[in-house]
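Asks: Here it is, the structure, as structure tokens.
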Amino acid sequence: MKKILHIISSPKGENSLSIKLGNAIVDKIKEANPGSTLHVRDLTKEPFPHLEEATLTAFYTPADNHTPENKEAVKHSNQAIAEIMDADIIVIGAPLYNFGIPSSLKAWVDHIARANVTFKYSEAGAEGLIKDKIVYVAIASGAIYSNGPMQPYDFVAPYLKSLLGFLGMTDLKVFRAEGTAYPGQAEAALQKGIDSIVL
């Protein structure tokens, strides 16, 4: 039995291929781990605010010294981090928009990357503090970015691998539904992505 957290960042709802691929990953996890629970965080329905001065001030104020204003400013961050810490497996849906991740997902990332909470620096360097998690990333893209001439334009998989790895989440696999914009290829691209899922 596992606790699964599914992060959704596509605003396309039931038409979203990253959501469909993410759901297929969740189904395979449940099949392999009967009795698992699922918590869905849809960043398009409950968007995280972009970082502001008040948020950054609260991040760098010790929790014991937090004012009511500080507590309000970090509530989204605390919520997101608590959800990650509670999960065993995290599934992140990441459509590739303009070579990168959607702004909804970037806002979430900015709230989970917190010095002395999810990572810290010491004499030995940086250390990620979110450990013992398994992460699966479901990427949907109109072109093919896993190889070929468009590969250098993929700033989704390298970014998420680097950022989440920096936070301690190094057990990460990427699955793709790609080439979906090619005429008549969307359904086949999704199925190919689903067929590639190996936990």
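Letters for chains follow the order of the structure tokens (A, B, ...), residue numbers begin at 1 for each chain, and ligand numbers begin at 1 in the order shown.
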I'd like the neighbourhood of stretch 138-147 of chain A as a ChimeraX atom specification, where a residue qualifies if any of its atoms comes within 7 Å (using only C-alpha atoms), though same-chain residues fewer than 4 positions away should be ignored.
Replies: /A:17-18,21-22,92-96,151,154,174-181
Asks: DSSP says helix (DSSP H, G or I) for which residues of stretch 33-148 of chain A? Put them as an NGL selection string?
Replies: :A and (53-59 or 63-65 or 68-73 or 75-86 or 103-112)
Asks: Ranking A:Asp110, A:Glu187, A:Thr37, A:Phe99 by minimum distance to A:Glu52 and counting only C-alpha atoms, which one comes first?
Replies: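 The shortest atom-to-atom distance to A:Glu52 comes from A:Asp110.
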Asks: Need the shell around stretch 5-15 of chain A: protein/DNA/RNA residues with any atom at most 10 Å away, counting only C-alpha atoms. Skip same-chain ones fewer than 3 positions apart. Format as a compact mmCIF listing (two decimals) with all heavy atoms, in the first residue's frame?
Replies:
```
# COMPACT_ATOMS: atom_id res chain seq x y z
N LYS A 2 0.62 2.14 -0.94
CA LYS A 2 1.40 3.36 -1.07
C LYS A 2 0.50 4.59 -1.04
O LYS A 2 -0.67 4.52 -1.40
CB LYS A 2 2.19 3.35 -2.39
CG LYS A 2 3.15 2.19 -2.55
CD LYS A 2 4.31 2.28 -1.58
CE LYS A 2 5.31 1.17 -1.84
NZ LYS A 2 6.46 1.21 -0.89
N SER A 18 -1.13 14.81 -20.93
CA SER A 18 -0.26 14.62 -19.76
C SER A 18 -1.06 14.08 -18.57
O SER A 18 -0.56 13.27 -17.79
CB SER A 18 0.46 15.92 -19.37
OG SER A 18 -0.43 16.90 -18.89
N ILE A 19 -2.33 14.52 -18.46
CA ILE A 19 -3.19 14.00 -17.40
C ILE A 19 -3.52 12.53 -17.67
O ILE A 19 -3.48 11.69 -16.76
CB ILE A 19 -4.48 14.82 -17.26
CG1 ILE A 19 -4.15 16.25 -16.77
CG2 ILE A 19 -5.45 14.15 -16.29
CD1 ILE A 19 -5.35 17.17 -16.70
N LYS A 20 -3.83 12.21 -18.92
CA LYS A 20 -4.15 10.81 -19.26
C LYS A 20 -2.95 9.91 -19.01
O LYS A 20 -3.09 8.79 -18.48
CB LYS A 20 -4.59 10.72 -20.72
CG LYS A 20 -5.97 11.34 -20.97
CD LYS A 20 -6.35 11.26 -22.44
CE LYS A 20 -7.73 11.87 -22.68
NZ LYS A 20 -8.13 11.82 -24.11
N GLY A 22 -0.47 10.57 -16.92
CA GLY A 22 -0.30 10.52 -15.47
C GLY A 22 -1.27 9.56 -14.81
O GLY A 22 -0.91 8.80 -13.91
N ASN A 23 -2.53 9.58 -15.28
CA ASN A 23 -3.53 8.66 -14.74
C ASN A 23 -3.16 7.20 -15.01
O ASN A 23 -3.39 6.32 -14.17
CB ASN A 23 -4.91 8.95 -15.34
CG ASN A 23 -5.54 10.22 -14.78
OD1 ASN A 23 -5.19 10.67 -13.69
ND2 ASN A 23 -6.47 10.79 -15.51
N ILE A 25 -0.11 6.07 -15.25
CA ILE A 25 0.96 5.75 -14.28
C ILE A 25 0.35 5.42 -12.93
O ILE A 25 0.72 4.44 -12.27
CB ILE A 25 1.96 6.92 -14.17
CG1 ILE A 25 2.67 7.15 -15.50
CG2 ILE A 25 2.97 6.66 -13.06
CD1 ILE A 25 3.49 8.44 -15.56
N VAL A 26 -0.60 6.25 -12.49
CA VAL A 26 -1.27 6.02 -11.21
C VAL A 26 -1.94 4.64 -11.20
O VAL A 26 -1.85 3.89 -10.22
CB VAL A 26 -2.30 7.13 -10.92
CG1 VAL A 26 -3.19 6.74 -9.74
CG2 VAL A 26 -1.60 8.46 -10.64
N THR A 37 -3.53 4.72 -1.72
CA THR A 37 -4.41 5.89 -1.69
C THR A 37 -3.88 6.95 -2.64
O THR A 37 -2.68 7.00 -2.93
CB THR A 37 -4.50 6.48 -0.28
OG1 THR A 37 -3.19 6.89 0.16
CG2 THR A 37 -5.07 5.46 0.70
N LEU A 38 -4.80 7.77 -3.15
CA LEU A 38 -4.43 8.80 -4.13
C LEU A 38 -4.91 10.16 -3.67
O LEU A 38 -6.07 10.33 -3.30
CB LEU A 38 -5.05 8.47 -5.49
CG LEU A 38 -4.90 9.53 -6.59
CD1 LEU A 38 -3.44 9.71 -6.98
CD2 LEU A 38 -5.75 9.16 -7.80
N HIS A 39 -3.99 11.14 -3.71
CA HIS A 39 -4.34 12.53 -3.48
C HIS A 39 -3.97 13.31 -4.73
O HIS A 39 -2.83 13.24 -5.20
CB HIS A 39 -3.59 13.11 -2.28
CG HIS A 39 -3.87 14.55 -2.03
ND1 HIS A 39 -5.11 15.04 -1.68
CD2 HIS A 39 -3.06 15.64 -2.12
CE1 HIS A 39 -5.05 16.35 -1.54
NE2 HIS A 39 -3.81 16.74 -1.82
N VAL A 40 -4.93 14.01 -5.31
CA VAL A 40 -4.70 14.78 -6.53
C VAL A 40 -4.59 16.26 -6.18
O VAL A 40 -5.45 16.82 -5.50
CB VAL A 40 -5.84 14.57 -7.56
CG1 VAL A 40 -5.61 15.45 -8.79
CG2 VAL A 40 -5.95 13.11 -7.95
N ARG A 41 -3.52 16.88 -6.67
CA ARG A 41 -3.35 18.33 -6.53
C ARG A 41 -3.37 18.94 -7.93
O ARG A 41 -2.42 18.83 -8.69
CB ARG A 41 -2.02 18.64 -5.82
CG ARG A 41 -1.60 20.11 -5.83
CD ARG A 41 -2.57 21.01 -5.14
NE ARG A 41 -2.75 20.67 -3.74
CZ ARG A 41 -3.69 21.20 -2.98
NH1 ARG A 41 -4.54 22.08 -3.49
NH2 ARG A 41 -3.80 20.85 -1.71
N ASP A 42 -4.51 19.53 -8.28
CA ASP A 42 -4.67 20.14 -9.60
C ASP A 42 -4.29 21.62 -9.51
O ASP A 42 -5.04 22.43 -8.97
CB ASP A 42 -6.12 19.99 -10.08
CG ASP A 42 -6.30 20.39 -11.55
OD1 ASP A 42 -5.52 21.24 -12.03
OD2 ASP A 42 -7.22 19.85 -12.19
N LEU A 43 -3.14 21.94 -10.04
CA LEU A 43 -2.61 23.29 -9.93
C LEU A 43 -3.35 24.30 -10.81
O LEU A 43 -3.17 25.50 -10.66
CB LEU A 43 -1.13 23.29 -10.31
CG LEU A 43 -0.23 22.38 -9.47
CD1 LEU A 43 1.20 22.38 -10.00
CD2 LEU A 43 -0.25 22.79 -8.00
N THR A 44 -4.19 23.80 -11.72
CA THR A 44 -4.97 24.72 -12.55
C THR A 44 -6.28 25.11 -11.88
O THR A 44 -6.84 26.16 -12.17
CB THR A 44 -5.27 24.11 -13.93
OG1 THR A 44 -6.17 23.01 -13.80
CG2 THR A 44 -3.99 23.63 -14.59
N LYS A 45 -6.75 24.26 -10.97
CA LYS A 45 -7.98 24.57 -10.26
C LYS A 45 -7.71 25.28 -8.94
O LYS A 45 -8.52 26.06 -8.45
CB LYS A 45 -8.77 23.29 -10.01
CG LYS A 45 -9.31 22.67 -11.31
CD LYS A 45 -10.07 21.39 -11.04
CE LYS A 45 -10.61 20.81 -12.34
NZ LYS A 45 -11.29 19.50 -12.13
N PRO A 47 -4.53 27.19 -8.12
CA PRO A 47 -3.17 27.63 -8.47
C PRO A 47 -2.40 28.20 -7.28
O PRO A 47 -2.99 28.82 -6.39
CB PRO A 47 -3.42 28.72 -9.52
CG PRO A 47 -4.80 29.20 -9.25
CD PRO A 47 -5.57 28.02 -8.74
N GLU A 83 2.26 17.78 1.63
CA GLU A 83 1.72 16.77 0.73
C GLU A 83 2.83 15.88 0.16
O GLU A 83 2.66 14.66 0.04
CB GLU A 83 0.94 17.44 -0.40
CG GLU A 83 -0.38 18.05 0.04
CD GLU A 83 -1.09 18.84 -1.04
OE1 GLU A 83 -0.48 19.09 -2.10
OE2 GLU A 83 -2.26 19.21 -0.82
N ILE A 84 3.96 16.48 -0.17
CA ILE A 84 5.09 15.71 -0.68
C ILE A 84 5.64 14.80 0.41
O ILE A 84 5.90 13.61 0.17
CB ILE A 84 6.20 16.65 -1.19
CG1 ILE A 84 5.75 17.36 -2.47
CG2 ILE A 84 7.49 15.87 -1.46
CD1 ILE A 84 6.71 18.42 -2.94
N MET A 85 5.82 15.33 1.59
CA MET A 85 6.39 14.54 2.68
C MET A 85 5.50 13.36 3.05
O MET A 85 5.97 12.30 3.46
CB MET A 85 6.63 15.44 3.90
CG MET A 85 7.71 16.49 3.71
SD MET A 85 9.33 15.78 3.30
CE MET A 85 10.38 17.23 3.50
N ASP A 86 4.19 13.54 2.89
CA ASP A 86 3.24 12.49 3.24
C ASP A 86 3.19 11.39 2.19
O ASP A 86 2.78 10.27 2.48
CB ASP A 86 1.85 13.09 3.43
CG ASP A 86 0.85 12.08 3.97
OD1 ASP A 86 1.11 11.48 5.03
OD2 ASP A 86 -0.19 11.87 3.32
N ALA A 87 3.62 11.70 0.97
CA ALA A 87 3.50 10.75 -0.14
C ALA A 87 4.69 9.80 -0.19
O ALA A 87 5.81 10.14 0.20
CB ALA A 87 3.38 11.50 -1.46
N ASP A 88 4.42 8.60 -0.71
CA ASP A 88 5.50 7.65 -1.03
C ASP A 88 5.91 7.80 -2.48
O ASP A 88 7.08 7.68 -2.82
CB ASP A 88 5.02 6.21 -0.79
CG ASP A 88 4.59 5.95 0.63
OD1 ASP A 88 5.41 6.16 1.54
OD2 ASP A 88 3.43 5.55 0.85
N ILE A 89 4.91 8.03 -3.33
CA ILE A 89 5.15 8.12 -4.77
C ILE A 89 4.49 9.40 -5.29
O ILE A 89 3.34 9.70 -4.95
CB ILE A 89 4.55 6.90 -5.50
CG1 ILE A 89 5.17 5.60 -4.96
CG2 ILE A 89 4.78 7.02 -7.01
CD1 ILE A 89 4.55 4.34 -5.52
N ILE A 90 5.23 10.13 -6.12
CA ILE A 90 4.72 11.39 -6.67
C ILE A 90 4.69 11.27 -8.19
O ILE A 90 5.69 10.91 -8.82
CB ILE A 90 5.62 12.56 -6.25
CG1 ILE A 90 5.69 12.65 -4.71
CG2 ILE A 90 5.11 13.88 -6.83
CD1 ILE A 90 6.89 13.40 -4.18
N VAL A 91 3.53 11.55 -8.76
CA VAL A 91 3.36 11.55 -10.21
C VAL A 91 3.13 13.00 -10.63
O VAL A 91 2.22 13.66 -10.12
CB VAL A 91 2.17 10.68 -10.65
CG1 VAL A 91 1.99 10.74 -12.16
CG2 VAL A 91 2.36 9.23 -10.18
N ILE A 92 3.95 13.50 -11.53
CA ILE A 92 3.86 14.89 -11.95
C ILE A 92 3.53 14.95 -13.44
O ILE A 92 4.29 14.47 -14.28
CB ILE A 92 5.18 15.64 -11.69
CG1 ILE A 92 5.52 15.62 -10.20
CG2 ILE A 92 5.09 17.08 -12.20
CD1 ILE A 92 6.87 16.22 -9.86
N GLY A 93 2.38 15.53 -13.76
CA GLY A 93 2.02 15.76 -15.15
C GLY A 93 2.63 17.06 -15.63
O GLY A 93 2.39 18.11 -15.03
N ALA A 94 3.42 16.99 -16.71
CA ALA A 94 4.15 18.17 -17.16
C ALA A 94 4.06 18.32 -18.67
O ALA A 94 4.92 17.81 -19.41
CB ALA A 94 5.61 18.08 -16.73
N PRO A 95 3.02 18.98 -19.17
CA PRO A 95 3.00 19.26 -20.61
C PRO A 95 4.14 20.21 -20.97
O PRO A 95 4.51 21.06 -20.16
CB PRO A 95 1.64 19.93 -20.81
CG PRO A 95 1.28 20.49 -19.47
CD PRO A 95 1.87 19.57 -18.46
N LEU A 96 4.70 20.01 -22.14
CA LEU A 96 5.80 20.85 -22.58
C LEU A 96 5.23 22.04 -23.34
O LEU A 96 4.67 21.89 -24.42
CB LEU A 96 6.75 20.03 -23.47
CG LEU A 96 8.09 20.67 -23.82
CD1 LEU A 96 9.15 19.59 -24.07
CD2 LEU A 96 7.98 21.57 -25.05
N TYR A 97 5.31 23.21 -22.70
CA TYR A 97 4.81 24.45 -23.28
C TYR A 97 5.98 25.36 -23.63
O TYR A 97 6.75 25.75 -22.74
CB TYR A 97 3.89 25.19 -22.30
CG TYR A 97 2.53 24.55 -22.08
CD1 TYR A 97 1.71 25.01 -21.06
CD2 TYR A 97 2.07 23.51 -22.87
CE1 TYR A 97 0.46 24.44 -20.83
CE2 TYR A 97 0.84 22.93 -22.65
CZ TYR A 97 0.03 23.40 -21.64
OH TYR A 97 -1.20 22.84 -21.42
N ILE A 101 8.11 24.08 -18.68
CA ILE A 101 6.94 23.65 -17.92
C ILE A 101 5.92 24.79 -17.84
O ILE A 101 6.28 25.97 -17.97
CB ILE A 101 7.33 23.20 -16.49
CG1 ILE A 101 8.00 24.33 -15.70
CG2 ILE A 101 8.22 21.97 -16.54
CD1 ILE A 101 8.29 23.99 -14.24
N PRO A 102 4.65 24.47 -17.62
CA PRO A 102 3.64 25.53 -17.45
C PRO A 102 3.94 26.38 -16.22
O PRO A 102 4.57 25.92 -15.26
CB PRO A 102 2.34 24.74 -17.25
CG PRO A 102 2.61 23.36 -17.74
CD PRO A 102 4.07 23.13 -17.51
N SER A 103 3.48 27.61 -16.24
CA SER A 103 3.75 28.52 -15.12
C SER A 103 3.10 28.01 -13.84
O SER A 103 3.60 28.27 -12.73
CB SER A 103 3.26 29.93 -15.44
OG SER A 103 1.86 29.94 -15.67
N SER A 104 1.99 27.26 -13.96
CA SER A 104 1.35 26.71 -12.76
C SER A 104 2.28 25.74 -12.04
O SER A 104 2.36 25.73 -10.80
CB SER A 104 0.04 26.00 -13.13
OG SER A 104 0.27 24.93 -14.03
N LEU A 105 3.01 24.95 -12.82
CA LEU A 105 3.95 24.00 -12.22
C LEU A 105 5.18 24.71 -11.68
O LEU A 105 5.72 24.35 -10.63
CB LEU A 105 4.35 22.94 -13.25
CG LEU A 105 5.20 21.78 -12.75
CD1 LEU A 105 4.56 21.05 -11.58
CD2 LEU A 105 5.50 20.80 -13.89
N LYS A 106 5.62 25.74 -12.38
CA LYS A 106 6.78 26.51 -11.90
C LYS A 106 6.46 27.19 -10.57
O LYS A 106 7.31 27.25 -9.66
CB LYS A 106 7.19 27.56 -12.94
CG LYS A 106 8.38 28.44 -12.52
CD LYS A 106 9.63 27.62 -12.23
CE LYS A 106 10.89 28.47 -12.12
NZ LYS A 106 10.90 29.40 -10.99
N TRP A 108 4.41 26.11 -8.29
CA TRP A 108 4.45 25.04 -7.28
C TRP A 108 5.89 24.71 -6.91
O TRP A 108 6.21 24.58 -5.73
CB TRP A 108 3.72 23.81 -7.84
CG TRP A 108 3.71 22.60 -6.95
CD1 TRP A 108 2.88 22.36 -5.89
CD2 TRP A 108 4.56 21.44 -7.06
NE1 TRP A 108 3.16 21.12 -5.34
CE2 TRP A 108 4.18 20.54 -6.05
CE3 TRP A 108 5.59 21.09 -7.93
CZ2 TRP A 108 4.81 19.31 -5.87
CZ3 TRP A 108 6.22 19.86 -7.75
CH2 TRP A 108 5.82 19.00 -6.74
N VAL A 135 9.50 9.25 -7.90
CA VAL A 135 8.84 10.27 -8.72
C VAL A 135 8.73 9.77 -10.16
O VAL A 135 9.69 9.26 -10.74
CB VAL A 135 9.62 11.60 -8.70
CG1 VAL A 135 8.91 12.64 -9.55
CG2 VAL A 135 9.79 12.10 -7.27
N TYR A 136 7.54 9.92 -10.72
CA TYR A 136 7.31 9.64 -12.13
C TYR A 136 6.79 10.93 -12.79
O TYR A 136 5.88 11.57 -12.27
CB TYR A 136 6.27 8.53 -12.32
CG TYR A 136 6.68 7.22 -11.70
CD1 TYR A 136 6.03 6.73 -10.57
CD2 TYR A 136 7.73 6.46 -12.23
CE1 TYR A 136 6.41 5.52 -9.99
CE2 TYR A 136 8.11 5.26 -11.66
CZ TYR A 136 7.44 4.79 -10.54
OH TYR A 136 7.82 3.60 -9.97
N VAL A 137 7.39 11.30 -13.91
CA VAL A 137 7.00 12.50 -14.63
C VAL A 137 6.33 12.09 -15.95
O VAL A 137 6.90 11.31 -16.72
CB VAL A 137 8.21 13.41 -14.91
CG1 VAL A 137 7.77 14.65 -15.69
CG2 VAL A 137 8.88 13.82 -13.60
N ALA A 138 5.13 12.61 -16.17
CA ALA A 138 4.38 12.34 -17.40
C ALA A 138 4.46 13.58 -18.28
O ALA A 138 3.82 14.60 -17.99
CB ALA A 138 2.93 12.00 -17.07
N ALA A 140 3.88 15.41 -21.93
CA ALA A 140 3.20 15.39 -23.23
C ALA A 140 3.74 16.54 -24.07
O ALA A 140 3.88 17.66 -23.57
CB ALA A 140 1.69 15.52 -23.05
```
Asks: I need the strand (DSSP E or B) residues of stretch 36-173 of chain A per DSSP on the backbone, written as number ranges by chain.
Replies: A: 37-42, 89-95, 97, 100, 115, 119-122, 125-128, 134-141, 171-173
Asks: Name the closest residue to A:Val109 among the candidates A:Ile134, A:Ala126, A:Leu167, A:Ala157; distances are taken between atoms, counting only C-alpha atoms.
Replies: A:Leu167
